[in-house]
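Q: So that you have it, the file is my_file_9.txt, and it contains compact mmCIF, C-alpha atoms and all ligand atoms:
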# COMPACT_ATOMS: atom_id res chain seq x y z
CA MET A 1 58.19 122.83 50.73
CA ALA A 2 57.32 120.01 53.19
CA SER A 3 54.39 119.38 55.50
CA VAL A 4 53.71 116.81 58.26
CA ARG A 5 50.25 115.78 59.41
CA LYS A 6 49.11 113.29 62.03
CA ARG A 7 45.97 111.25 61.56
CA ARG A 8 44.19 108.35 63.23
CA GLY A 9 43.17 105.37 61.15
CA CYS A 10 44.36 101.81 61.10
CA SER A 11 47.69 103.09 62.40
CA ASP A 12 48.22 104.52 65.85
CA ARG A 13 50.24 107.33 64.42
CA LEU A 14 50.41 108.22 60.79
CA SER A 15 52.52 110.78 59.05
CA LEU A 16 52.40 112.11 55.56
CA ARG A 17 55.34 113.82 53.95
CA TRP A 18 55.79 115.56 50.67
CA PRO A 19 59.47 116.14 50.16
CA THR A 20 60.23 118.39 47.26
CA SER A 21 63.03 118.33 44.85
CA ALA A 22 63.79 120.75 42.09
CA THR A 23 64.45 117.87 39.72
CA GLU A 24 62.11 115.00 40.85
CA GLY A 25 58.94 116.84 41.86
CA HIS A 26 56.70 115.67 44.78
CA VAL A 27 57.07 112.21 46.43
CA LEU A 28 54.37 111.05 48.90
CA ILE A 29 55.65 108.93 51.84
CA ILE A 30 53.16 107.54 54.34
CA PHE A 31 54.62 106.11 57.53
CA GLY A 32 53.54 105.56 61.11
CA LEU A 33 53.10 103.12 63.99
CA GLN A 34 50.87 100.10 63.70
CA VAL A 35 50.01 97.48 66.32
CA VAL A 36 50.24 93.88 65.12
CA TYR A 37 48.84 91.06 67.27
CA PHE A 38 50.65 87.73 67.40
CA THR A 39 49.14 84.42 68.51
CA LEU A 40 51.33 82.79 71.17
CA SER A 41 49.23 79.65 71.71
CA LYS A 42 45.75 78.22 71.21
CA GLY A 43 43.46 76.14 73.35
CA VAL A 44 39.95 75.66 74.70
CA PHE A 45 38.55 77.72 77.56
CA HIS A 46 35.22 78.56 79.17
CA CYS A 47 34.23 81.89 77.60
CA PRO A 48 32.27 83.98 80.15
CA ASP A 49 30.43 85.80 77.34
CA CYS A 50 29.53 82.77 75.21
CA GLY A 51 28.81 80.77 78.38
CA GLY A 52 30.45 77.61 77.05
CA ASP A 53 33.69 75.96 75.90
CA ARG A 54 35.25 77.85 73.01
CA GLU A 55 38.57 77.96 71.23
CA TYR A 56 40.85 80.80 72.26
CA ARG A 57 44.05 82.42 71.12
CA ARG A 58 46.57 83.79 73.60
CA ARG A 59 47.79 86.99 72.00
CA GLN A 60 50.27 89.79 72.42
CA GLY A 61 50.53 93.11 70.59
CA ARG A 62 53.71 94.63 69.23
CA ASN A 63 54.28 98.06 67.76
CA PHE A 64 55.62 98.13 64.23
CA PHE A 65 57.01 100.94 62.20
CA SER A 66 54.84 100.92 59.09
CA LEU A 67 55.46 102.22 55.64
CA PHE A 68 52.48 102.72 53.34
CA PHE A 69 50.34 100.87 55.95
CA ILE A 70 52.59 97.81 55.83
CA PRO A 71 54.31 96.93 59.15
CA VAL A 72 58.00 96.67 58.37
CA ILE A 73 60.10 97.13 61.52
CA PRO A 74 59.14 95.43 64.81
CA LEU A 75 59.43 97.70 67.84
CA ASN A 76 58.42 97.23 71.51
CA LYS A 77 55.64 95.01 72.87
CA THR A 78 52.48 96.92 73.72
CA GLY A 79 49.98 95.93 76.46
CA GLY A 80 49.98 92.60 78.25
CA GLU A 81 49.15 89.14 76.98
CA PHE A 82 45.45 88.46 76.68
CA VAL A 83 43.05 85.68 75.75
CA GLN A 84 40.72 86.20 72.79
CA CYS A 85 37.64 84.06 72.22
CA SER A 86 37.63 82.79 68.63
CA THR A 87 33.82 82.88 68.55
CA CYS A 88 32.72 86.19 70.11
CA LYS A 89 36.15 87.88 69.77
CA GLY A 90 35.87 88.98 73.44
CA ARG A 91 39.18 89.72 75.15
CA TRP A 92 40.04 88.53 78.64
CA ASN A 93 43.02 88.70 80.93
CA MET A 94 45.03 85.51 81.45
CA GLY A 95 43.21 84.65 84.70
CA VAL A 96 40.19 83.47 82.67
CA LEU A 97 42.14 80.29 81.80
CA GLU A 98 42.08 79.20 85.46
CA ALA A 99 38.34 78.47 85.35
CA PRO A 100 37.64 74.83 84.39
CA THR A 101 35.99 74.16 81.04
CA THR A 102 32.61 72.44 80.88
CA ALA A 103 34.35 69.31 79.61
CA GLN A 104 36.78 69.38 82.54
CA LEU A 105 33.90 69.81 84.97
CA ALA A 106 32.13 66.82 83.45
CA SER A 107 35.22 64.65 83.95
CA MET A 108 35.82 65.89 87.51
CA PRO A 109 33.86 63.17 89.37
CA ALA A 110 35.75 60.41 87.54
CA LEU A 111 39.07 62.15 88.11
CA LEU A 112 38.42 62.57 91.82
CA MET A 113 37.17 58.99 92.10
CA ARG A 114 40.33 57.78 90.41
CA LEU A 115 42.55 59.73 92.81
CA ALA A 116 40.59 58.67 95.89
CA ALA A 117 40.64 55.02 94.78
CA ALA A 118 44.43 55.03 94.53
CA GLN A 119 44.79 56.67 97.95
CA VAL A 120 42.59 54.19 99.76
CA LEU A 121 43.82 51.09 97.95
CA ARG A 122 47.45 51.72 98.83
CA SER A 123 46.59 52.10 102.50
CA GLY A 124 45.25 48.51 102.49
CA ASP A 125 46.24 45.39 100.57
CA VAL A 126 47.14 46.67 97.07
CA THR A 127 47.42 43.09 95.75
CA HIS A 128 43.94 42.03 96.90
CA PRO A 129 42.13 41.04 93.65
CA GLY A 130 38.66 41.96 94.96
CA ALA A 131 39.77 45.41 96.15
CA ARG A 132 41.61 46.11 92.89
CA GLU A 133 38.64 44.98 90.80
CA HIS A 134 36.31 47.14 92.84
CA ALA A 135 38.62 50.14 92.48
CA VAL A 136 38.61 49.81 88.67
CA ALA A 137 34.82 49.31 88.67
CA VAL A 138 34.01 52.43 90.71
CA VAL A 139 36.23 54.66 88.55
CA ARG A 140 34.51 53.33 85.41
CA ARG A 141 31.14 53.84 87.05
CA ALA A 142 32.11 57.48 87.69
CA GLY A 143 32.59 58.01 83.94
CA ASP A 144 36.18 57.06 83.06
CA HIS A 145 35.27 54.04 80.93
CA ALA A 146 38.85 53.50 79.71
CA PHE A 147 40.21 53.06 83.25
CA ASP A 148 41.97 49.71 83.64
CA PRO A 149 44.34 47.85 86.01
CA ALA A 150 47.39 49.36 84.27
CA ALA A 151 46.07 52.88 84.91
CA LEU A 152 45.43 51.88 88.52
CA ASP A 153 49.03 50.68 88.89
CA TYR A 154 50.24 53.99 87.48
CA ASP A 155 48.17 55.92 90.03
CA LEU A 156 49.48 53.70 92.84
CA SER A 157 53.05 54.58 91.83
CA ARG A 158 52.42 58.32 92.25
CA PRO A 159 53.33 60.14 95.50
CA PHE A 160 50.55 60.17 98.09
CA ASP A 161 51.03 63.87 98.89
CA GLN A 162 50.93 64.87 95.22
CA ILE A 163 47.54 63.18 94.81
CA ARG A 164 46.34 64.91 97.99
CA VAL A 165 47.02 68.31 96.39
CA GLU A 166 45.21 67.28 93.20
CA ILE A 167 42.14 66.12 95.13
CA ALA A 168 42.03 69.37 97.11
CA ASN A 169 42.34 71.46 93.92
CA ALA A 170 39.60 69.60 92.05
CA ALA A 171 37.13 69.09 94.91
CA GLY A 172 35.79 72.65 94.90
CA ALA A 173 34.16 72.07 91.50
CA LEU A 174 31.77 69.46 92.95
CA ALA A 175 28.74 69.77 95.20
CA PRO A 176 29.04 68.32 98.74
CA GLU A 177 26.75 65.39 97.85
CA ALA A 178 28.99 64.41 94.93
CA ARG A 179 32.06 64.60 97.19
CA GLU A 180 30.34 62.43 99.79
CA ASN A 181 29.55 59.89 97.06
CA ILE A 182 33.23 59.73 96.12
CA LEU A 183 34.27 59.14 99.72
CA GLY A 184 31.55 56.47 100.06
CA ALA A 185 32.82 54.66 96.95
CA ALA A 186 36.40 54.89 98.28
CA ALA A 187 35.19 53.31 101.54
CA GLU A 188 33.63 50.44 99.55
CA ILE A 189 37.07 49.76 98.06
CA ALA A 190 38.55 49.66 101.56
CA PHE A 191 35.86 47.25 102.73
CA ALA A 192 36.49 44.91 99.78
CA ASP A 193 39.43 43.26 101.55
CA GLY A 194 37.70 43.02 104.95
CA PRO A 195 36.91 45.39 107.84
CA LEU A 196 38.64 48.78 107.85
CA SER A 197 42.22 48.70 109.10
CA ALA A 198 43.49 51.65 111.15
CA SER A 199 45.52 52.75 108.14
CA GLU A 200 42.50 52.60 105.80
CA GLU A 201 40.35 54.53 108.25
CA GLU A 202 43.03 57.18 108.60
CA THR A 203 43.39 57.48 104.83
CA LEU A 204 39.61 57.79 104.35
CA ALA A 205 39.63 60.64 106.90
CA VAL A 206 42.43 62.32 104.93
CA ILE A 207 40.55 61.87 101.63
CA GLY A 208 37.42 63.32 103.27
CA ALA A 209 39.35 66.35 104.50
CA ASP A 210 40.97 66.83 101.07
CA LEU A 211 37.50 66.64 99.52
CA GLY A 212 36.49 69.50 101.81
CA LEU A 213 34.15 67.39 103.97
CA THR A 214 33.75 67.93 107.71
CA ARG A 215 34.57 65.24 110.30
CA VAL A 216 30.83 64.75 110.87
CA GLN A 217 30.24 64.23 107.14
CA VAL A 218 33.15 61.75 106.97
CA THR A 219 31.82 59.78 109.95
CA GLY A 220 28.34 59.72 108.40
CA VAL A 221 29.62 58.46 105.05
CA LEU A 222 31.75 55.73 106.69
CA THR A 223 28.84 54.58 108.84
CA LEU A 224 26.61 54.26 105.77
CA ALA A 225 29.32 52.37 103.85
CA ARG A 226 29.82 50.03 106.83
CA GLN A 227 26.09 49.29 106.91
CA SER A 228 25.75 48.78 103.14
CA THR A 229 28.74 46.41 102.96
CA GLY A 230 27.87 44.57 106.20
CA ARG A 231 31.42 44.98 107.57
ZN ZN A 301 33.13 83.93 73.49
Go ahead and render the structure in this file as structure tokens.
A:
Amino acid sequence: MASVRKRRGCSDRLSLRWPTSATEGHVLIIFGLQVVYFTLSKGVFHCPDCGGDREYRRRQGRNFFSLFFIPVIPLNKTGGEFVQCSTCKGRWNMGVLEAPTTAQLASMPALLMRLAAAQVLRSGDVTHPGAREHAVAVVRRAGDHAFDPAALDYDLSRPFDQIRVEIANAAGALAPEARENILGAAAEIAFADGPLSASEEETLAVIGADLGLTRVQVTGVLTLARQSTGR
């Protein structure tokens, strides 16, 4: 005599069987389906529940055929990939990784300053010692204390349009005042080698637009920089 039952427990589906044999008696076999979660990668993200930077694991579930509660045969994937906070165990869809972490936000002004400095310097005299020195100084002042002339040369070697995209992507994380400050500091770099050239002025307008500033804001910032540098 044999019977089959279905139960819910740690397995999605569980079956119990008691095969009978005239010679061996009863044998209990427990089998079913069990979901096993695999970690695909790890990292740091801003957890909306914890409200801060936390470690996460990117995970994916897979059905397994289990025997006596032990997963033995891998079957199909189940559900989509998700992000799990290692602290609160909250689960999020992959889109949560697009939000910047607190640490990334803190480094944003220095990053934007670095990008803007490279853009404006290359539109003037890139070999001018005063302008180069000033470019390194303003990036350090913005928080990137390890920035040096070699890093500046690296930035200058990168495509102008690529840096434009990076500025536009990062700018949204900063308040308008902070973005105006970055444009003002970029203008100071341009003024370091003399009055603004047409090319420098054009580049500053492009940086301002990429930073999400209006034409009026750009004009205001340039006027202030002109006054403060006496150019
Ligand atoms: Zn969390």
Q: Counting all atoms listed in the file, what are the residues, protein, DNA or RNA alike, that approach ligand ZN 301 (chain A) to within 6 Å? I want them as a PyMOL selection string.
A: chain A and resi 47+49-50+85+87-88+90
Q: For atom CA of A:Gly230 and atom CA of A:Asp210, determine how far apart the two atoms are, in Å to one decimal place.
A: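 So the two atoms, atom CA of A:Gly230 and atom CA of A:Asp210, lie 26.3 Å apart.
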Q: Enclose stretch 48-54 of chain A, meaning all of its atoms listed in the file, in a box aligned along x, y and z, pad it by 3 Å on each side, and list the centre and edge lengths in Å to one decimal, as lines of an AutoDock Vina configuration file.
A:
center_x = 32.0
center_y = 80.9
center_z = 76.6
size_x = 12.4
size_y = 15.8
size_z = 13.1
Q: Considering all atoms listed in the file, return as a list in words whatever protein or nucleic-acid residues lie within 8 Å of A:Ala116, sequence-local ones (same chain, fewer than 3 positions apart) excluded.
A: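 My list of contacting residues is Leu112, Met113, Gln119, Val120, Ile167, Ile182, Leu183, Ala186 and Ile207 of chain A.
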Q: Give me, please, the distance in Å between atom CA of A:Phe45 and atom CA of A:Met108, quoted to one decimal.
A: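 Atom CA of A:Met108 lies at a distance of 15.7 Å from atom CA of A:Phe45.
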Q: Which one of A:Leu33, A:Ala198, A:Ala118, A:Ala173 sits closest to A:Asp161 if you count all atoms listed in the file?
A: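 When distances to A:Asp161 are compared using all atoms listed in the file, the smallest one comes from A:Ala118.
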Q: Show me, as CSV, the residues of stretch 116-186 of chain A having an atom within 9 Å of stretch 216-222 of chain A, each with the closest atom pair and its distance in Å, using only C-alpha atoms.
A:
residue,atom,partner,partner_atom,distance
A:Glu180,CA,A:Val221,CA,6.6
A:Asn181,CA,A:Val221,CA,8.1
A:Leu183,CA,A:Val221,CA,7.1
A:Gly184,CA,A:Val221,CA,5.7
Q: Would you mind reading off the distance between atom CA of A:Ser157 and atom CA of A:Val126, one decimal, in Å?
A: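 Here the two named atoms are 11.2 Å from each other.
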Q: With only C-alpha atoms as the counted atoms, please give the residues lying no more than 7 Å from A:Pro100, apart from itself and same-chain residues fewer than 3 positions off, as a list in words.
A: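 Returned residues: His46, Gln104 and Leu105 of chain A.
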Q: If you keep C-alpha atoms, can you produce a file of those selected residues as a PDB file, keeping the file's coordinate frame?
A:
ATOM      1  CA  HIS A  46      35.220  78.560  79.170  1.00  0.00           C
ATOM      2  CA  GLN A 104      36.780  69.380  82.540  1.00  0.00           C
ATOM      3  CA  LEU A 105      33.900  69.810  84.970  1.00  0.00           C
TER       4      LEU A 105
END
Q: Once N, CA and C atoms are restored for stretch 201-226 of chain A, what would the output be as a compact mmCIF listing (two decimals), in the coordinates of the input?
A:
# COMPACT_ATOMS: atom_id res chain seq x y z
N GLU A 201 41.26 53.55 107.63
CA GLU A 201 40.35 54.53 108.25
C GLU A 201 41.00 55.91 108.27
N GLU A 202 42.29 55.91 108.57
CA GLU A 202 43.03 57.18 108.60
C GLU A 202 43.07 57.81 107.21
N THR A 203 43.33 56.97 106.20
CA THR A 203 43.39 57.48 104.83
C THR A 203 42.04 58.01 104.38
N LEU A 204 40.95 57.31 104.73
CA LEU A 204 39.61 57.79 104.35
C LEU A 204 39.32 59.15 104.99
N ALA A 205 39.81 59.34 106.23
CA ALA A 205 39.63 60.64 106.90
C ALA A 205 40.41 61.72 106.16
N VAL A 206 41.61 61.37 105.69
CA VAL A 206 42.43 62.32 104.93
C VAL A 206 41.76 62.67 103.60
N ILE A 207 41.24 61.64 102.91
CA ILE A 207 40.55 61.87 101.63
C ILE A 207 39.34 62.79 101.86
N GLY A 208 38.59 62.50 102.94
CA GLY A 208 37.42 63.32 103.27
C GLY A 208 37.80 64.77 103.49
N ALA A 209 38.89 64.98 104.23
CA ALA A 209 39.35 66.35 104.50
C ALA A 209 39.80 67.03 103.20
N ASP A 210 40.52 66.26 102.35
CA ASP A 210 40.97 66.83 101.07
C ASP A 210 39.79 67.15 100.16
N LEU A 211 38.71 66.38 100.32
CA LEU A 211 37.50 66.64 99.52
C LEU A 211 36.69 67.81 100.10
N GLY A 212 37.18 68.35 101.22
CA GLY A 212 36.49 69.50 101.81
C GLY A 212 35.30 69.11 102.66
N LEU A 213 35.26 67.85 103.12
CA LEU A 213 34.15 67.39 103.97
C LEU A 213 34.52 67.57 105.44
N THR A 214 33.51 67.79 106.27
CA THR A 214 33.75 67.93 107.71
C THR A 214 33.92 66.54 108.33
N ARG A 215 34.41 66.51 109.58
CA ARG A 215 34.57 65.24 110.30
C ARG A 215 33.22 64.53 110.45
N VAL A 216 32.18 65.33 110.70
CA VAL A 216 30.83 64.75 110.87
C VAL A 216 30.38 64.10 109.56
N GLN A 217 30.62 64.80 108.44
CA GLN A 217 30.24 64.23 107.14
C GLN A 217 31.01 62.93 106.87
N VAL A 218 32.32 62.94 107.20
CA VAL A 218 33.15 61.75 106.97
C VAL A 218 32.62 60.58 107.80
N THR A 219 32.33 60.84 109.07
CA THR A 219 31.82 59.78 109.95
C THR A 219 30.49 59.23 109.41
N GLY A 220 29.63 60.13 108.94
CA GLY A 220 28.34 59.72 108.40
C GLY A 220 28.50 58.83 107.17
N VAL A 221 29.40 59.23 106.28
CA VAL A 221 29.62 58.46 105.05
C VAL A 221 30.18 57.08 105.38
N LEU A 222 31.13 57.02 106.32
CA LEU A 222 31.75 55.73 106.69
C LEU A 222 30.74 54.81 107.36
N THR A 223 29.87 55.39 108.17
CA THR A 223 28.84 54.58 108.84
C THR A 223 27.90 53.95 107.80
N LEU A 224 27.50 54.76 106.83
CA LEU A 224 26.61 54.26 105.77
C LEU A 224 27.30 53.15 104.97
N ALA A 225 28.58 53.36 104.64
CA ALA A 225 29.32 52.37 103.85
C ALA A 225 29.46 51.07 104.65
N ARG A 226 29.68 51.20 105.96
CA ARG A 226 29.82 50.03 106.83
C ARG A 226 28.52 49.23 106.82
